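Asker: One file: input_33.txt (compact mmCIF, C-alpha atoms and all ligand atoms).
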```
# COMPACT_ATOMS: atom_id res chain seq x y z
CA MET B 5 76.29 66.07 117.04
CA LEU B 6 75.92 67.01 120.66
CA ILE B 7 77.54 64.51 122.97
CA LYS B 8 77.58 65.52 126.60
CA ASN B 9 79.98 62.97 128.02
CA LYS B 10 81.85 61.12 125.35
CA LYS B 11 82.98 57.74 126.60
CA PRO B 12 85.52 55.59 124.83
CA SER B 13 83.76 52.47 123.64
CA ASP B 14 84.84 49.24 125.26
CA CYS B 15 84.98 47.21 122.10
CA SER B 16 87.49 44.37 122.28
CA GLU B 17 89.90 43.40 119.49
CA ALA B 18 87.95 40.19 118.96
CA GLU B 19 84.85 42.13 117.95
CA VAL B 20 86.66 43.98 115.21
CA THR B 21 86.59 42.38 111.77
CA PRO B 22 88.23 44.22 108.90
CA GLU B 23 85.37 45.04 106.60
CA SER B 24 86.84 43.58 103.43
CA ILE B 25 87.04 40.19 105.09
CA TYR B 26 83.56 40.50 106.44
CA LEU B 27 82.04 41.53 103.14
CA ASN B 28 83.55 38.61 101.34
CA ARG B 29 82.44 36.21 104.02
CA ARG B 30 78.96 37.53 103.60
CA GLN B 31 79.15 37.33 99.83
CA PHE B 32 80.14 33.73 100.21
CA MET B 33 77.25 33.03 102.55
CA LYS B 34 74.82 34.51 100.05
CA ALA B 35 76.26 32.40 97.26
CA SER B 36 75.70 29.31 99.36
CA GLY B 37 72.02 30.10 99.80
CA GLY B 38 72.22 32.58 102.61
CA ILE B 39 72.63 29.91 105.23
CA ALA B 40 75.55 30.46 107.53
CA LEU B 41 75.15 27.14 109.34
CA GLY B 42 77.15 24.24 108.02
CA VAL B 43 79.66 26.30 106.06
CA GLY B 44 82.80 24.18 105.88
CA ALA B 45 86.10 25.61 107.08
CA ASN B 46 87.77 25.15 103.70
CA ASN B 47 85.05 27.07 101.94
CA VAL B 48 85.22 29.92 104.41
CA PHE B 49 88.95 30.10 103.96
CA SER B 50 88.78 30.34 100.19
CA ALA B 51 86.01 32.91 100.42
CA LEU B 52 88.19 35.03 102.71
CA GLN B 53 91.07 34.80 100.29
CA ALA B 54 88.96 35.77 97.31
CA GLY B 55 88.84 39.48 98.14
CA ASN B 56 91.41 41.95 99.30
CA SER B 57 89.87 45.37 98.85
CA LEU B 58 86.80 47.29 99.87
CA ARG B 59 84.06 46.44 97.44
CA PRO B 60 80.33 45.89 97.53
CA PRO B 61 79.06 42.51 98.71
CA ALA B 62 76.82 40.21 96.66
CA PRO B 63 74.65 41.95 94.10
CA LEU B 64 71.15 42.42 95.45
CA LYS B 65 69.53 40.84 92.46
CA GLU B 66 70.95 37.50 93.53
CA ALA B 67 69.11 37.93 96.79
CA PHE B 68 65.94 39.73 95.73
CA GLY B 69 65.61 39.73 91.93
CA GLN B 70 65.88 42.61 89.45
CA ILE B 71 66.54 46.21 90.52
CA ILE B 72 64.55 48.88 88.66
CA GLN B 73 66.59 51.92 87.61
CA THR B 74 64.85 55.24 88.27
CA PRO B 75 65.59 58.77 87.01
CA TYR B 76 66.40 60.04 90.54
CA GLY B 77 69.82 61.61 90.70
CA LYS B 78 70.97 60.48 87.28
CA SER B 79 72.98 63.69 86.86
CA GLU B 80 74.74 63.37 90.23
CA THR B 81 78.11 61.79 90.89
CA PRO B 82 77.89 59.27 93.73
CA ALA B 83 80.57 59.24 96.40
CA PRO B 84 83.05 56.37 96.05
CA TYR B 85 81.86 53.22 97.80
CA ASP B 86 84.71 53.26 100.30
CA VAL B 87 83.85 56.82 101.39
CA ALA B 88 80.15 56.04 101.89
CA THR B 89 81.01 52.92 103.90
CA THR B 90 83.82 54.22 106.10
CA TYR B 91 82.58 57.72 107.03
CA ASN B 92 79.42 56.94 108.99
CA ASN B 93 77.22 57.96 111.87
CA PHE B 94 75.93 54.90 113.71
CA TYR B 95 76.41 55.60 117.41
CA GLU B 96 75.47 52.07 118.39
CA PHE B 97 78.96 51.20 117.11
CA GLY B 98 80.80 54.25 118.47
CA TYR B 99 81.00 57.99 117.92
CA GLY B 100 83.95 58.11 115.54
CA LYS B 101 83.17 58.28 111.83
CA GLY B 102 85.31 55.17 111.29
CA ASP B 103 83.93 53.19 114.24
CA PRO B 104 80.89 51.66 112.51
CA ALA B 105 82.97 50.24 109.65
CA GLU B 106 85.46 48.85 112.13
CA ARG B 107 83.03 47.45 114.66
CA ALA B 108 79.86 46.41 112.86
CA GLY B 109 81.41 43.54 110.93
CA ASN B 110 79.97 40.77 113.08
CA PHE B 111 76.55 42.36 113.50
CA ASN B 112 74.00 39.65 112.70
CA THR B 113 71.25 40.86 110.36
CA ARG B 114 69.62 37.65 109.11
CA PRO B 115 67.04 36.51 109.87
CA TRP B 116 65.48 39.87 110.78
CA THR B 117 61.98 40.57 111.98
CA ILE B 118 60.08 43.82 112.40
CA THR B 119 57.26 44.24 114.90
CA VAL B 120 54.37 46.40 113.72
CA GLU B 121 52.13 47.88 116.41
CA GLY B 122 49.54 50.51 117.09
CA GLU B 123 46.91 52.11 114.88
CA ALA B 124 46.83 49.61 112.03
CA GLU B 125 44.74 46.60 111.05
CA ASN B 126 47.61 44.35 110.12
CA THR B 127 49.92 44.27 113.13
CA GLY B 128 52.32 41.59 114.34
CA THR B 129 55.85 40.42 113.77
CA PHE B 130 56.96 40.03 110.17
CA ASP B 131 60.08 38.73 108.52
CA LEU B 132 61.90 41.49 106.61
CA ASP B 133 62.14 39.36 103.48
CA ASP B 134 58.35 38.87 103.53
CA ILE B 135 57.78 42.61 104.00
CA ILE B 136 59.75 43.60 100.93
CA LYS B 137 59.35 40.64 98.61
CA THR B 138 56.15 41.86 96.95
CA SER B 139 57.65 45.24 95.97
CA ALA B 140 60.13 45.70 93.16
CA LEU B 141 63.47 47.04 94.36
CA GLU B 142 64.43 50.42 92.94
CA GLU B 143 67.72 52.23 92.70
CA ARG B 144 67.52 55.93 93.54
CA ILE B 145 70.49 58.25 93.67
CA TYR B 146 69.84 60.78 96.45
CA ARG B 147 71.74 63.59 98.13
CA HIS B 148 72.38 62.78 101.79
CA ARG B 149 72.80 65.81 104.07
CA CYS B 150 73.88 65.37 107.68
CA VAL B 151 72.89 68.03 110.24
CA GLU B 152 76.64 68.34 110.90
CA ALA B 153 76.92 70.10 107.49
CA TRP B 154 78.56 67.40 105.38
CA SER B 155 76.87 65.67 102.49
CA MET B 156 77.33 62.80 100.04
CA VAL B 157 75.54 61.45 97.00
CA ILE B 158 74.55 57.82 97.47
CA PRO B 159 72.85 55.31 95.15
CA TRP B 160 70.37 53.57 97.44
CA VAL B 161 68.36 50.43 96.72
CA GLY B 162 65.02 49.81 98.34
CA VAL B 163 61.29 50.13 98.08
CA SER B 164 58.98 53.03 98.60
CA LEU B 165 58.18 53.41 102.31
CA SER B 166 54.53 54.11 101.47
CA ASP B 167 54.17 50.70 99.76
CA VAL B 168 55.46 49.02 102.88
CA LEU B 169 53.35 51.01 105.34
CA LYS B 170 50.13 50.61 103.34
CA ARG B 171 50.42 46.85 103.64
CA PHE B 172 49.88 47.19 107.40
CA LYS B 173 46.63 49.14 106.78
CA PRO B 174 47.07 52.10 109.11
CA THR B 175 43.76 53.34 110.57
CA SER B 176 42.51 56.94 110.42
CA LYS B 177 44.03 57.46 113.88
CA ALA B 178 47.53 56.87 112.54
CA LYS B 179 48.71 60.49 112.34
CA TYR B 180 52.38 59.64 112.88
CA VAL B 181 54.62 56.64 112.48
CA TYR B 182 57.37 55.79 114.93
CA PHE B 183 60.47 53.65 114.28
CA GLU B 184 62.95 51.99 116.59
CA THR B 185 66.44 50.55 116.06
CA LEU B 186 67.50 47.22 117.53
CA TYR B 187 68.55 47.34 121.19
CA ASP B 188 71.24 44.71 121.71
CA PRO B 189 74.24 45.95 123.71
CA LYS B 190 76.00 42.61 123.20
CA GLN B 191 76.16 43.27 119.48
CA MET B 192 76.18 47.06 119.58
CA PRO B 193 79.01 48.13 121.87
CA GLY B 194 77.98 51.81 121.83
CA GLN B 195 74.76 50.91 123.65
CA ASN B 196 76.73 50.04 126.79
CA GLY B 197 77.03 53.72 127.60
CA GLY B 198 77.16 57.10 125.99
CA SER B 199 74.65 59.86 126.34
CA LEU B 200 71.96 58.63 123.96
CA ASP B 201 68.88 57.04 125.43
CA TRP B 202 68.78 53.67 123.65
CA PRO B 203 67.22 52.36 121.51
CA TYR B 204 67.56 55.02 118.81
CA ARG B 205 64.08 56.36 117.97
CA GLU B 206 62.67 58.28 115.05
CA GLY B 207 59.31 59.32 113.69
CA LEU B 208 57.48 60.98 110.82
CA ARG B 209 54.12 62.57 110.27
CA ILE B 210 52.11 60.01 108.30
CA ASP B 211 51.92 62.20 105.18
CA GLU B 212 55.70 62.61 105.24
CA ALA B 213 56.12 58.86 105.53
CA MET B 214 53.77 58.35 102.58
CA ASN B 215 55.64 60.86 100.38
CA SER B 216 57.04 59.12 97.32
CA LEU B 217 60.63 60.17 98.11
CA ALA B 218 60.69 58.26 101.40
CA MET B 219 62.55 55.01 100.99
CA PHE B 220 62.67 51.76 102.97
CA THR B 221 66.23 50.94 102.09
CA VAL B 222 67.93 47.54 101.98
CA GLY B 223 70.89 48.24 99.74
CA MET B 224 73.32 50.71 98.22
CA TYR B 225 75.65 50.64 95.21
CA GLY B 226 73.62 47.75 93.78
CA SER B 227 74.37 45.56 96.76
CA ILE B 228 73.13 44.56 100.17
CA LEU B 229 73.37 47.38 102.73
CA PRO B 230 76.67 47.12 104.64
CA ASN B 231 76.17 46.82 108.39
CA GLN B 232 77.68 50.24 109.08
CA ASN B 233 75.11 51.86 106.78
CA GLY B 234 72.18 50.43 108.72
CA ALA B 235 71.69 46.82 107.63
CA PRO B 236 69.43 45.15 107.03
CA VAL B 237 66.93 48.01 106.63
CA ARG B 238 66.96 51.77 107.27
CA LEU B 239 65.01 54.83 106.23
CA VAL B 240 66.27 57.27 103.63
CA LEU B 241 64.51 60.67 103.62
CA PRO B 242 66.57 62.85 101.32
CA TRP B 243 64.87 66.17 102.15
CA LYS B 244 65.62 65.78 105.86
CA TYR B 245 68.81 65.81 107.89
CA GLY B 246 70.46 62.41 108.00
CA PHE B 247 69.57 61.65 111.62
CA LYS B 248 65.95 61.05 110.58
CA GLY B 249 67.20 58.11 108.50
CA ILE B 250 67.04 55.55 111.29
CA LYS B 251 69.11 52.39 110.82
CA SER B 252 68.57 48.69 111.60
CA ILE B 253 64.83 49.05 112.19
CA VAL B 254 63.03 46.46 114.37
CA LYS B 255 59.84 48.29 115.27
CA ILE B 256 57.19 50.31 113.44
CA ARG B 257 54.36 51.81 115.49
CA PHE B 258 51.45 53.83 114.10
CA VAL B 259 50.46 56.48 116.64
CA GLU B 260 48.01 59.32 117.12
CA SER B 261 50.35 61.97 118.51
CA MET B 262 53.86 63.11 117.72
CA PRO B 263 56.31 60.53 119.10
CA LEU B 264 59.42 61.34 121.11
CA THR B 265 62.54 60.89 119.02
CA THR B 266 66.15 60.45 120.08
CA TRP B 267 67.81 63.68 119.00
CA SER B 268 64.91 66.04 119.57
CA SER B 269 64.43 64.69 123.10
CA LEU B 270 68.12 65.03 123.90
CA ALA B 271 68.48 68.59 122.63
CA PRO B 272 65.14 70.03 121.47
CA SER B 273 66.60 73.45 120.71
CA GLU B 274 69.19 71.91 118.38
CA TYR B 275 67.39 69.03 116.64
CA GLY B 276 63.74 69.40 115.76
CA PHE B 277 61.19 66.70 115.01
CA TYR B 278 60.86 67.77 111.37
CA ALA B 279 64.57 68.28 110.68
CA ASN B 280 63.97 69.39 107.11
CA VAL B 281 67.13 70.57 105.40
CA ASN B 282 66.85 74.35 105.49
CA PRO B 283 69.67 76.80 104.71
CA ASN B 284 67.68 79.61 106.39
CA VAL B 285 67.49 78.01 109.83
CA ASP B 286 70.92 77.65 111.36
CA HIS B 287 71.85 75.13 114.00
CA PRO B 288 72.42 77.11 117.23
CA ARG B 289 76.12 76.25 117.04
CA TRP B 290 76.83 76.38 113.29
CA SER B 291 75.49 77.67 109.99
CA GLN B 292 73.37 75.46 107.76
CA GLY B 293 73.83 77.76 104.74
CA GLN B 294 76.58 75.65 103.24
CA GLU B 295 77.82 72.09 103.39
CA ARG B 296 80.96 70.07 102.73
CA ARG B 297 80.28 67.65 99.87
CA LEU B 298 82.30 64.49 100.40
CA PRO B 299 84.73 63.37 99.29
CA GLY B 300 86.77 66.55 99.27
CA GLY B 301 90.24 67.45 100.39
CA LEU B 302 91.01 68.63 103.89
CA LEU B 303 92.90 71.60 102.52
CA PHE B 304 90.38 72.34 99.79
CA PRO B 305 87.03 71.01 100.97
CA ASN B 306 84.27 70.98 98.39
CA VAL B 307 81.95 73.58 99.96
CA ILE B 308 78.58 74.10 98.27
CA ASP B 309 75.41 76.02 99.09
CA THR B 310 72.72 74.07 100.92
CA GLN B 311 69.39 73.95 99.12
CA MET B 312 65.93 74.26 100.65
CA PHE B 313 64.64 70.74 101.40
CA ASN B 314 68.02 69.58 100.09
CA GLY B 315 66.81 70.44 96.59
CA TYR B 316 63.64 68.31 96.77
CA GLN B 317 61.20 71.26 97.04
CA ASP B 318 59.05 70.11 94.12
CA GLU B 319 58.32 66.81 95.82
CA VAL B 320 57.90 67.89 99.45
CA ALA B 321 57.19 71.62 99.86
CA ASP B 322 53.41 70.99 99.89
CA LEU B 323 53.75 68.92 103.06
CA TYR B 324 54.69 72.07 104.97
CA SER B 325 52.56 74.77 103.36
CA GLY B 326 51.39 77.27 105.97
CA MET B 327 53.91 76.07 108.56
CA ASP B 328 56.48 78.43 110.07
CA LEU B 329 59.64 76.44 109.36
CA LYS B 330 61.67 78.54 111.79
CA ARG B 331 59.41 77.32 114.55
CA PHE B 332 58.80 73.78 113.24
CA PHE B 333 62.43 73.12 112.40
N1 LIG D 1 70.20 53.79 114.72
C1 LIG D 1 70.86 54.84 114.23
N2 LIG D 1 70.45 55.40 113.08
C2 LIG D 1 71.12 56.47 112.58
C3 LIG D 1 72.23 57.04 113.28
C4 LIG D 1 72.63 56.43 114.50
O1 LIG D 1 73.59 56.85 115.17
N3 LIG D 1 71.92 55.33 114.93
N4 LIG D 1 72.85 58.18 112.77
C5 LIG D 1 72.06 59.01 111.85
C6 LIG D 1 72.85 60.07 111.22
S1 LIG D 1 73.25 61.41 112.18
C7 LIG D 1 73.17 60.05 109.90
S2 LIG D 1 73.92 61.36 109.13
C8 LIG D 1 72.91 58.83 109.08
C9 LIG D 1 74.23 58.35 108.49
O2 LIG D 1 74.01 57.34 107.55
P1 LIG D 1 75.28 56.73 106.79
O3 LIG D 1 76.29 56.36 107.83
O4 LIG D 1 74.75 55.54 106.04
O5 LIG D 1 75.79 57.81 105.88
O6 LIG D 1 72.33 57.76 109.82
C10 LIG D 1 71.36 58.17 110.79
N5 LIG D 1 70.74 57.01 111.38
MO MO D 2 73.69 63.05 110.67
```
Could you express the structure from this file as C-alpha cells?

Answerer:
Amino acid sequence: MLIKNKKPSDCSEAEVTPESIYLNRRQFMKASGGIALGVGANNVFSALQAGNSLRPPAPLKEAFGQIIQTPYGKSETPAPYDVATTYNNFYEFGYGKGDPAERAGNFNTRPWTITVEGEAENTGTFDLDDIIKTSALEERIYRHRCVEAWSMVIPWVGVSLSDVLKRFKPTSKAKYVYFETLYDPKQMPGQNGGSLDWPYREGLRIDEAMNSLAMFTVGMYGSILPNQNGAPVRLVLPWKYGFKGIKSIVKIRFVESMPLTTWSSLAPSEYGFYANVNPNVDHPRWSQGQERRLPGGLLFPNVIDTQMFNGYQDEVADLYSGMDLKRFF
C-alpha cells in the first residue's frame, strides 16, 4: 500500500519472540486456565520444549466451547497455516509481510475490553469474553483479497458481527459504525512512526455491518487468532478489500455520518470508504482485474481472475443497488 516515507522500525531483539515458542507458551497458559500469573519456571520450560514447529495454538473449543461448522467455502482449499500466519499486513508491527509474525509475539491480548460509544442504548466498556460468550462460534472459510492484488483462502472462527452489534441496541441515528485498533506504541513498535495516523480506523455503513457475511473474528484454523492476524478480535468482510478488516479492535462507535478511516483519509483517490472488491475499478497504480492466490511460486504465481464482490455477489450486491461503484469505490 502507499507509504510515503518508509521508516525502519526500531524494534529491539528483546521484543522479538519466535512465533513457535510464543504459540506454545500461549497454549500452555490456556491449559493452565488462561492465567499467566503464577506460572512456575519449570512448567514454562517444558511448555516451550513441547513444540518445535509452526502450528495452531490451543483449540478454541477449550476456550469457548463447540465451534459450529458452516457450508461457507467448503469447496475451497485453505492456505497452509504457516502462510496465513507469516505473510501479513499489520502495520502496527512493521511494514514487511514477515514483521507481524516476528514482532507481535509478546503482544498482550488478555484481558481485553472494548469500549462501545455513540448512537446506541447499551454503551460502556465490555470484556471481550462477555461480548462473545452468548453467541455460538462458527467456522467460515472465506476468500481474503488484499487491495495489493494477492489473496488467500482462510478458515476463520468467530461470530456474526450483526449479533454482536445488535446487543448494543443501536438507535435509528446509527447510520454507520466506526472501529478503532488499540493505540499502544510500547507494544506496537510500528506506531512510533511511519506515515499512518494512529490508531488504525475503519468503518462500515450500518447495513453492511449487519450483513450476514460480516464476521467478528476471534480465531482461525480452529484455534485462537494469532497476534499477527489481529488478536484477540478483528473484522472479516470477505467482499471487501482486506484493509477494511481492522485488527485488534478496542473501540466501536455508532455514528450518524460516514466516519473518517485510515486508508481513505491518507489517499482518498486510491482507497475508498467502501473498498468493495471490484475487477472493473482499477487501483490508480495497478489493475484489480486479477490477483495472485497464495501460496504460489515466485516463478509461476497462481494468477486468477478477480470476481465482483470477491464472488459474494448473491449475499451483498443488494447493499449497493443504484450506486455508481466507479464513484463509490
Ligand atoms: N489495525 C490494522 N488492521 C489491519 C491492517 C493493519 O495494518 N492494521 N492491515 C489490513 C490489511 S491491508 C489486510 S490485507 C489485512 C491482513 O490480514 P491478515 O494479515 O490476517 O491476512 O488486515 C487489515 N487490517
Ligand atoms: Mo490489504

Asker: In Å, rounded to a single decimal, give me how far atom S1 of ligand LIG 1 (chain D) is from atom CA of B:Pro230.

Answerer: 16.5 Å

Asker: List every protein, DNA or RNA residue with an atom no more than 12 Å from (63.4, 46.8, 85.0) in the file's coordinates, counting all atoms listed in the file, and format the result as a ChimeraX atom specification.

Answerer: /B:65,69-74,140-143

Asker: Counting only C-alpha atoms and all ligand atoms, which of B:Lys248, B:Arg171, B:Arg147, B:Lys177 gets nearest to ligand MO 2 (chain D)?

Answerer: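 Ranking B:Lys248, B:Arg171, B:Arg147, B:Lys177 by distance to ligand MO 2 (chain D), first place goes to B:Lys248.
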
Asker: At what distance in Å, to one decimal, does atom CA of B:Asp286 lie from atom CA of B:Phe94?

Answerer: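 Atom CA of B:Asp286 lies at a distance of 23.4 Å from atom CA of B:Phe94.
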
Asker: May I have a table of the residues of chain B lying at most 10 Å from ligand MO 2 (chain D), giving each one's closest pair of atoms and their distance in Å to one decimal, counting all atoms listed in the file, ordered by chain and ascending residue number, as a tab-separated table?

Answerer:
```
residue	atom	partner	partner_atom	distance
B:Met5	CA	D:MO2	MO	7.5
B:Asn92	CA	D:MO2	MO	8.5
B:Asn93	CA	D:MO2	MO	6.3
B:Phe94	CA	D:MO2	MO	9.0
B:His148	CA	D:MO2	MO	9.0
B:Arg149	CA	D:MO2	MO	7.2
B:Cys150	CA	D:MO2	MO	3.8
B:Val151	CA	D:MO2	MO	5.1
B:Glu152	CA	D:MO2	MO	6.1
B:Ala153	CA	D:MO2	MO	8.4
B:Trp154	CA	D:MO2	MO	8.4
B:Ser155	CA	D:MO2	MO	9.2
B:Lys244	CA	D:MO2	MO	9.8
B:Tyr245	CA	D:MO2	MO	6.3
B:Gly246	CA	D:MO2	MO	4.2
B:Phe247	CA	D:MO2	MO	4.5
B:Lys248	CA	D:MO2	MO	8.0
B:Gly249	CA	D:MO2	MO	8.4
```

Asker: When you count all atoms listed in the file, which of these residues is closest to B:Asn282: B:Ile253, B:Ile118, B:Leu329, B:Leu303?

Answerer: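 When distances to B:Asn282 are compared using all atoms listed in the file, the smallest one comes from B:Leu329.
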
Asker: As an exercise, work out the distance from atom CA of B:Leu165 to atom CA of B:Leu200 in Å and give it to one decimal place.

Answerer: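 One can read the atom CA of B:Leu165 to atom CA of B:Leu200 distance as 26.2 Å.
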
Asker: Go ahead and find all residues with at least one atom no further than 12 Å from (85.9, 67.1, 97.1) in the file's coordinates, using only C-alpha atoms; report them as a PyMOL selection string.

Answerer: chain B and resi 81-84+87+154-157+295-308

Asker: Measuring atom to atom with only C-alpha atoms and all ligand atoms, identify which of B:Gly315, B:Gly77, B:Gly326, B:Gly102 is nearest to ligand LIG 1 (chain D).

Answerer: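 Going through B:Gly315, B:Gly77, B:Gly326, B:Gly102 one by one, the smallest distance to ligand LIG 1 (chain D) is for B:Gly102.
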
Asker: Compile the contact shell of B:Thr138 as a list of chain:residue names: residues with an atom at most 10 Å away, counting all atoms listed in the file, same-chain residues fewer than 3 positions apart removed.

Answerer: B:Asp133, B:Asp134, B:Ile135, B:Leu141, B:Val163, B:Asp167, B:Val168

Asker: Please provide as a list in words all residues within 9 Å of B:Asn215, with the sequence filter that same-chain residues fewer than 2 positions apart are discarded (counting only C-alpha atoms).

Answerer: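 Skipping anything fewer than 2 positions along the chain leaves Ser164, Leu165, Ser166, Ile210, Asp211, Glu212, Ala213, Leu217, Ala218, Glu319, Val320 and Leu323 of chain B.
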
Asker: Export C-alpha atoms of the chosen residues as a JSON list (two decimals), keeping the file's coordinate frame?

Answerer:
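Output below, filename part08.json:
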```json
[["chain", "number", "residue", "atom", "x", "y", "z"],
["B", 164, "SER", "CA", 58.98, 53.03, 98.60],
["B", 165, "LEU", "CA", 58.18, 53.41, 102.31],
["B", 166, "SER", "CA", 54.53, 54.11, 101.47],
["B", 210, "ILE", "CA", 52.11, 60.01, 108.30],
["B", 211, "ASP", "CA", 51.92, 62.20, 105.18],
["B", 212, "GLU", "CA", 55.70, 62.61, 105.24],
["B", 213, "ALA", "CA", 56.12, 58.86, 105.53],
["B", 217, "LEU", "CA", 60.63, 60.17, 98.11],
["B", 218, "ALA", "CA", 60.69, 58.26, 101.40],
["B", 319, "GLU", "CA", 58.32, 66.81, 95.82],
["B", 320, "VAL", "CA", 57.90, 67.89, 99.45],
["B", 323, "LEU", "CA", 53.75, 68.92, 103.06]]
```

Asker: Looking at all atoms listed in the file, which of B:Pro236, B:Gly223, B:Gly128, B:Gly194 is the one that sits closest to B:Val161?

Answerer: B:Gly223

Asker: Taking all listed atoms of ligand LIG 1 (chain D), build the axis-aligned box, pad each of the six sides by 8 Å, then write its centre and edge lengths in Å to one decimal as JSON.

Answerer:
```
{"center_x": 73.2, "center_y": 57.6, "center_z": 110.5, "size_x": 22.1, "size_y": 23.6, "size_z": 25.3}
```

Asker: Given all atoms listed in the file as the basis, pick out the residue of B:Tyr225, B:Tyr95, B:Tyr85, B:Tyr187 nearest to ligand LIG 1 (chain D).

Answerer: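 Ranked by minimum distance to ligand LIG 1 (chain D), first place goes to B:Tyr95.
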
Asker: Counting all atoms listed in the file, what are the residues of stretch 119-229 of chain B within 12 Å of stretch 255-274 of chain B, and for each of them which pair of atoms is the nearest and at what distance in Å, to one decimal? Sort the table by chain and rising number, as a Markdown table.

Answerer:
```
| residue | atom | partner | partner_atom | distance |
| --- | --- | --- | --- | --- |
| B:Thr119 | CA | B:Lys255 | CA | 4.8 |
| B:Val120 | CA | B:Ile256 | CA | 4.8 |
| B:Glu121 | CA | B:Arg257 | CA | 4.6 |
| B:Gly122 | CA | B:Phe258 | CA | 4.9 |
| B:Glu123 | CA | B:Phe258 | CA | 4.9 |
| B:Ala124 | CA | B:Phe258 | CA | 6.6 |
| B:Glu125 | CA | B:Phe258 | CA | 10.3 |
| B:Asn126 | CA | B:Phe258 | CA | 11.0 |
| B:Thr127 | CA | B:Arg257 | CA | 9.1 |
| B:Gly128 | CA | B:Ile256 | CA | 10.0 |
| B:Thr129 | CA | B:Lys255 | CA | 9.0 |
| B:Phe130 | CA | B:Lys255 | CA | 10.1 |
| B:Asp131 | CA | B:Lys255 | CA | 11.7 |
| B:Leu132 | CA | B:Lys255 | CA | 11.2 |
| B:Val151 | CA | B:Glu274 | CA | 9.7 |
| B:Glu152 | CA | B:Glu274 | CA | 11.1 |
| B:Leu165 | CA | B:Ile256 | CA | 11.6 |
| B:Val168 | CA | B:Ile256 | CA | 10.8 |
| B:Leu169 | CA | B:Ile256 | CA | 9.0 |
| B:Lys170 | CA | B:Phe258 | CA | 11.3 |
| B:Phe172 | CA | B:Phe258 | CA | 9.6 |
| B:Lys173 | CA | B:Phe258 | CA | 9.9 |
| B:Pro174 | CA | B:Phe258 | CA | 6.9 |
| B:Thr175 | CA | B:Phe258 | CA | 8.5 |
| B:Ser176 | CA | B:Glu260 | CA | 9.0 |
| B:Lys177 | CA | B:Glu260 | CA | 5.5 |
| B:Ala178 | CA | B:Val259 | CA | 5.1 |
| B:Lys179 | CA | B:Glu260 | CA | 5.0 |
| B:Tyr180 | CA | B:Val259 | CA | 5.3 |
| B:Val181 | CA | B:Phe258 | CA | 4.5 |
| B:Tyr182 | CA | B:Arg257 | CA | 5.0 |
| B:Phe183 | CA | B:Ile256 | CA | 4.8 |
| B:Glu184 | CA | B:Lys255 | CA | 5.0 |
| B:Thr185 | CA | B:Lys255 | CA | 7.0 |
| B:Leu186 | CA | B:Lys255 | CA | 8.1 |
| B:Tyr187 | CA | B:Lys255 | CA | 10.6 |
| B:Ser199 | CA | B:Leu270 | CA | 8.7 |
| B:Leu200 | CA | B:Thr266 | CA | 7.2 |
| B:Asp201 | CA | B:Thr266 | CA | 6.9 |
| B:Trp202 | CA | B:Thr266 | CA | 8.1 |
| B:Pro203 | CA | B:Thr266 | CA | 8.3 |
| B:Tyr204 | CA | B:Thr266 | CA | 5.8 |
| B:Arg205 | CA | B:Thr265 | CA | 4.9 |
| B:Glu206 | CA | B:Thr265 | CA | 4.8 |
| B:Gly207 | CA | B:Pro263 | CA | 6.3 |
| B:Leu208 | CA | B:Met262 | CA | 8.1 |
| B:Arg209 | CA | B:Met262 | CA | 7.5 |
| B:Ile210 | CA | B:Phe258 | CA | 8.5 |
| B:Ala213 | CA | B:Phe258 | CA | 11.0 |
| B:Phe220 | CA | B:Ile256 | CA | 11.9 |
```

Asker: Keeping C-alpha atoms, export the residues of the selection given above as a compact mmCIF listing (two decimals), keeping the file's coordinate frame.

Answerer:
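Written out: again36.txt:
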```txt
# COMPACT_ATOMS: atom_id res chain seq x y z
CA THR B 119 57.26 44.24 114.90
CA VAL B 120 54.37 46.40 113.72
CA GLU B 121 52.13 47.88 116.41
CA GLY B 122 49.54 50.51 117.09
CA GLU B 123 46.91 52.11 114.88
CA ALA B 124 46.83 49.61 112.03
CA GLU B 125 44.74 46.60 111.05
CA ASN B 126 47.61 44.35 110.12
CA THR B 127 49.92 44.27 113.13
CA GLY B 128 52.32 41.59 114.34
CA THR B 129 55.85 40.42 113.77
CA PHE B 130 56.96 40.03 110.17
CA ASP B 131 60.08 38.73 108.52
CA LEU B 132 61.90 41.49 106.61
CA VAL B 151 72.89 68.03 110.24
CA GLU B 152 76.64 68.34 110.90
CA LEU B 165 58.18 53.41 102.31
CA VAL B 168 55.46 49.02 102.88
CA LEU B 169 53.35 51.01 105.34
CA LYS B 170 50.13 50.61 103.34
CA PHE B 172 49.88 47.19 107.40
CA LYS B 173 46.63 49.14 106.78
CA PRO B 174 47.07 52.10 109.11
CA THR B 175 43.76 53.34 110.57
CA SER B 176 42.51 56.94 110.42
CA LYS B 177 44.03 57.46 113.88
CA ALA B 178 47.53 56.87 112.54
CA LYS B 179 48.71 60.49 112.34
CA TYR B 180 52.38 59.64 112.88
CA VAL B 181 54.62 56.64 112.48
CA TYR B 182 57.37 55.79 114.93
CA PHE B 183 60.47 53.65 114.28
CA GLU B 184 62.95 51.99 116.59
CA THR B 185 66.44 50.55 116.06
CA LEU B 186 67.50 47.22 117.53
CA TYR B 187 68.55 47.34 121.19
CA SER B 199 74.65 59.86 126.34
CA LEU B 200 71.96 58.63 123.96
CA ASP B 201 68.88 57.04 125.43
CA TRP B 202 68.78 53.67 123.65
CA PRO B 203 67.22 52.36 121.51
CA TYR B 204 67.56 55.02 118.81
CA ARG B 205 64.08 56.36 117.97
CA GLU B 206 62.67 58.28 115.05
CA GLY B 207 59.31 59.32 113.69
CA LEU B 208 57.48 60.98 110.82
CA ARG B 209 54.12 62.57 110.27
CA ILE B 210 52.11 60.01 108.30
CA ALA B 213 56.12 58.86 105.53
CA PHE B 220 62.67 51.76 102.97
```

Asker: May I ask which of the residues B:Thr90, B:Gln294, B:Asn284, B:Thr117 is the closest one to ligand LIG 1 (chain D), counting all atoms listed in the file?

Answerer: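 Closest to ligand LIG 1 (chain D), using all atoms listed in the file: B:Thr90.
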